[in-house]
$ cat run.cif   # mmCIF, C-alpha atoms
data_query
#
loop_
_atom_site.group_PDB
_atom_site.id
_atom_site.type_symbol
_atom_site.label_atom_id
_atom_site.label_comp_id
_atom_site.auth_asym_id
_atom_site.auth_seq_id
_atom_site.Cartn_x
_atom_site.Cartn_y
_atom_site.Cartn_z
ATOM 1 C CA MET A 1 35.842 -57.957 -24.460
ATOM 2 C CA ASN A 2 35.038 -56.423 -27.819
ATOM 3 C CA LYS A 3 36.027 -52.748 -27.894
ATOM 4 C CA LYS A 4 33.860 -51.999 -30.935
ATOM 5 C CA VAL A 5 30.735 -53.416 -29.258
ATOM 6 C CA LEU A 6 31.452 -51.349 -26.144
ATOM 7 C CA GLU A 7 31.877 -48.188 -28.231
ATOM 8 C CA VAL A 8 28.525 -48.752 -29.954
ATOM 9 C CA PHE A 9 26.867 -49.368 -26.583
ATOM 10 C CA ALA A 10 28.451 -46.257 -25.045
ATOM 11 C CA LYS A 11 27.374 -44.034 -27.943
ATOM 12 C CA GLN A 12 23.820 -45.348 -27.766
ATOM 13 C CA ALA A 13 23.672 -44.936 -23.977
ATOM 14 C CA ALA A 14 25.121 -41.412 -24.158
ATOM 15 C CA LYS A 15 22.150 -40.270 -26.240
ATOM 16 C CA GLY A 16 19.926 -40.663 -23.187
ATOM 17 C CA ILE A 17 22.199 -38.795 -20.779
ATOM 18 C CA LYS A 18 20.875 -35.255 -20.465
ATOM 19 C CA SER A 19 21.959 -34.195 -16.986
ATOM 20 C CA GLU A 20 24.544 -34.793 -14.320
ATOM 21 C CA GLN A 21 21.997 -36.929 -12.450
ATOM 22 C CA ASP A 22 21.473 -39.078 -15.562
ATOM 23 C CA LEU A 23 25.227 -39.608 -15.755
ATOM 24 C CA THR A 24 25.430 -40.473 -12.054
ATOM 25 C CA ASP A 25 22.570 -42.962 -12.370
ATOM 26 C CA PHE A 26 24.172 -44.538 -15.440
ATOM 27 C CA ARG A 27 27.526 -44.843 -13.659
ATOM 28 C CA ARG A 28 25.867 -46.541 -10.687
ATOM 29 C CA ILE A 29 24.086 -49.031 -12.935
ATOM 30 C CA LEU A 30 27.291 -49.845 -14.829
ATOM 31 C CA THR A 31 29.196 -50.277 -11.576
ATOM 32 C CA LYS A 32 26.522 -52.604 -10.199
ATOM 33 C CA ILE A 33 26.447 -54.708 -13.364
ATOM 34 C CA THR A 34 30.246 -54.898 -13.504
ATOM 35 C CA VAL A 35 30.637 -55.920 -9.863
ATOM 36 C CA GLU A 36 27.887 -58.547 -10.161
ATOM 37 C CA ALA A 37 29.424 -59.997 -13.331
ATOM 38 C CA SER A 38 32.855 -60.134 -11.697
ATOM 39 C CA LEU A 39 31.514 -61.866 -8.604
ATOM 40 C CA ASN A 40 29.572 -64.378 -10.704
ATOM 41 C CA ALA A 41 32.673 -65.131 -12.771
ATOM 42 C CA GLU A 42 34.676 -65.636 -9.602
ATOM 43 C CA LEU A 43 32.035 -68.018 -8.235
ATOM 44 C CA GLU A 44 32.093 -70.022 -11.463
ATOM 45 C CA VAL A 45 35.879 -70.390 -11.218
ATOM 46 C CA CYS A 46 35.691 -71.438 -7.581
ATOM 47 C CA THR A 47 33.011 -74.054 -8.205
ATOM 48 C CA SER A 48 34.689 -75.555 -11.285
#
$ encode --input "run.cif" --output "structure tokens"
Amino acid sequence: MNKKVLEVFAKQAAKGIKSEQDLTDFRRILTKITVEASLNAELEVCTS
């Protein structure tokens, strides 16, 4: 994981967060993406 890439992404994403609801929605999306990526990686390991 590239920390610099994540920082750039976070700064860009933060520009669109204007309210607590925006932050909550963003957190939910990130959580969903992270869980899905983790599960897919686990499936790839199990099927290899």
$ residues_around --input "run.cif" --residues "segment 9-13 of chain A" --least-positions-apart "2" --cutoff "12 Å" --atoms "all atoms listed in the file" --output "ChimeraX atom specification"
/A:2-7,15-18,22-23,25-27,29-30
$ axis_aligned_box --input "run.cif" --around "segment 26-32 of chain A" --padding-each-side "5 Å" --output "AutoDock Vina command-line options"
--center_x 26.6 --center_y -48.6 --center_z -12.8 --size_x 15.1 --size_y 18.1 --size_z 15.2
$ atom_distance --input "run.cif" --atom1 "atom CA of Ala14 of chain A" --atom2 "atom CA of Thr31 of chain A"
15.9 Å
$ build_atoms --input "run.cif" --residues "segment 16-43 of chain A" --atoms "N, CA and C atoms" --output "compact mmCIF listing (two decimals), in the frame of the given file"
# COMPACT_ATOMS: atom_id res chain seq x y z
N GLY A 16 20.95 -40.84 -24.20
CA GLY A 16 19.93 -40.66 -23.19
C GLY A 16 20.39 -39.87 -21.98
N ILE A 17 21.66 -39.53 -21.93
CA ILE A 17 22.20 -38.80 -20.78
C ILE A 17 22.05 -37.30 -21.05
N LYS A 18 21.17 -36.68 -20.25
CA LYS A 18 20.88 -35.26 -20.46
C LYS A 18 21.28 -34.37 -19.29
N SER A 19 21.62 -34.99 -18.16
CA SER A 19 21.96 -34.20 -16.99
C SER A 19 23.04 -34.91 -16.17
N GLU A 20 23.55 -34.20 -15.21
CA GLU A 20 24.54 -34.79 -14.32
C GLU A 20 23.94 -35.96 -13.55
N GLN A 21 22.67 -35.84 -13.17
CA GLN A 21 22.00 -36.93 -12.45
C GLN A 21 21.86 -38.16 -13.34
N ASP A 22 21.54 -37.95 -14.62
CA ASP A 22 21.47 -39.08 -15.56
C ASP A 22 22.82 -39.80 -15.63
N LEU A 23 23.88 -39.03 -15.69
CA LEU A 23 25.23 -39.61 -15.76
C LEU A 23 25.56 -40.37 -14.47
N THR A 24 25.20 -39.81 -13.34
CA THR A 24 25.43 -40.47 -12.05
C THR A 24 24.65 -41.78 -11.98
N ASP A 25 23.39 -41.75 -12.38
CA ASP A 25 22.57 -42.96 -12.37
C ASP A 25 23.15 -44.03 -13.30
N PHE A 26 23.59 -43.61 -14.47
CA PHE A 26 24.17 -44.54 -15.44
C PHE A 26 25.45 -45.16 -14.88
N ARG A 27 26.28 -44.35 -14.26
CA ARG A 27 27.53 -44.84 -13.66
C ARG A 27 27.23 -45.87 -12.58
N ARG A 28 26.24 -45.59 -11.76
CA ARG A 28 25.87 -46.54 -10.69
C ARG A 28 25.39 -47.87 -11.26
N ILE A 29 24.58 -47.81 -12.30
CA ILE A 29 24.09 -49.03 -12.94
C ILE A 29 25.25 -49.83 -13.53
N LEU A 30 26.14 -49.15 -14.24
CA LEU A 30 27.29 -49.84 -14.83
C LEU A 30 28.18 -50.46 -13.75
N THR A 31 28.38 -49.75 -12.67
CA THR A 31 29.20 -50.28 -11.58
C THR A 31 28.55 -51.52 -10.99
N LYS A 32 27.25 -51.46 -10.76
CA LYS A 32 26.52 -52.60 -10.20
C LYS A 32 26.63 -53.82 -11.12
N ILE A 33 26.39 -53.62 -12.39
CA ILE A 33 26.45 -54.71 -13.36
C ILE A 33 27.85 -55.30 -13.43
N THR A 34 28.86 -54.44 -13.42
CA THR A 34 30.25 -54.90 -13.50
C THR A 34 30.65 -55.70 -12.27
N VAL A 35 30.30 -55.21 -11.10
CA VAL A 35 30.64 -55.92 -9.86
C VAL A 35 29.91 -57.27 -9.82
N GLU A 36 28.64 -57.30 -10.17
CA GLU A 36 27.89 -58.55 -10.16
C GLU A 36 28.49 -59.55 -11.15
N ALA A 37 28.84 -59.10 -12.33
CA ALA A 37 29.42 -60.00 -13.33
C ALA A 37 30.77 -60.54 -12.85
N SER A 38 31.56 -59.69 -12.23
CA SER A 38 32.85 -60.13 -11.70
C SER A 38 32.68 -61.16 -10.59
N LEU A 39 31.76 -60.92 -9.69
CA LEU A 39 31.51 -61.87 -8.60
C LEU A 39 30.98 -63.20 -9.14
N ASN A 40 30.09 -63.15 -10.11
CA ASN A 40 29.57 -64.38 -10.70
C ASN A 40 30.67 -65.16 -11.41
N ALA A 41 31.55 -64.46 -12.10
CA ALA A 41 32.67 -65.13 -12.77
C ALA A 41 33.59 -65.78 -11.75
N GLU A 42 33.83 -65.09 -10.65
CA GLU A 42 34.68 -65.64 -9.60
C GLU A 42 34.04 -66.89 -8.99
N LEU A 43 32.73 -66.85 -8.77
CA LEU A 43 32.03 -68.02 -8.24
C LEU A 43 32.12 -69.20 -9.18
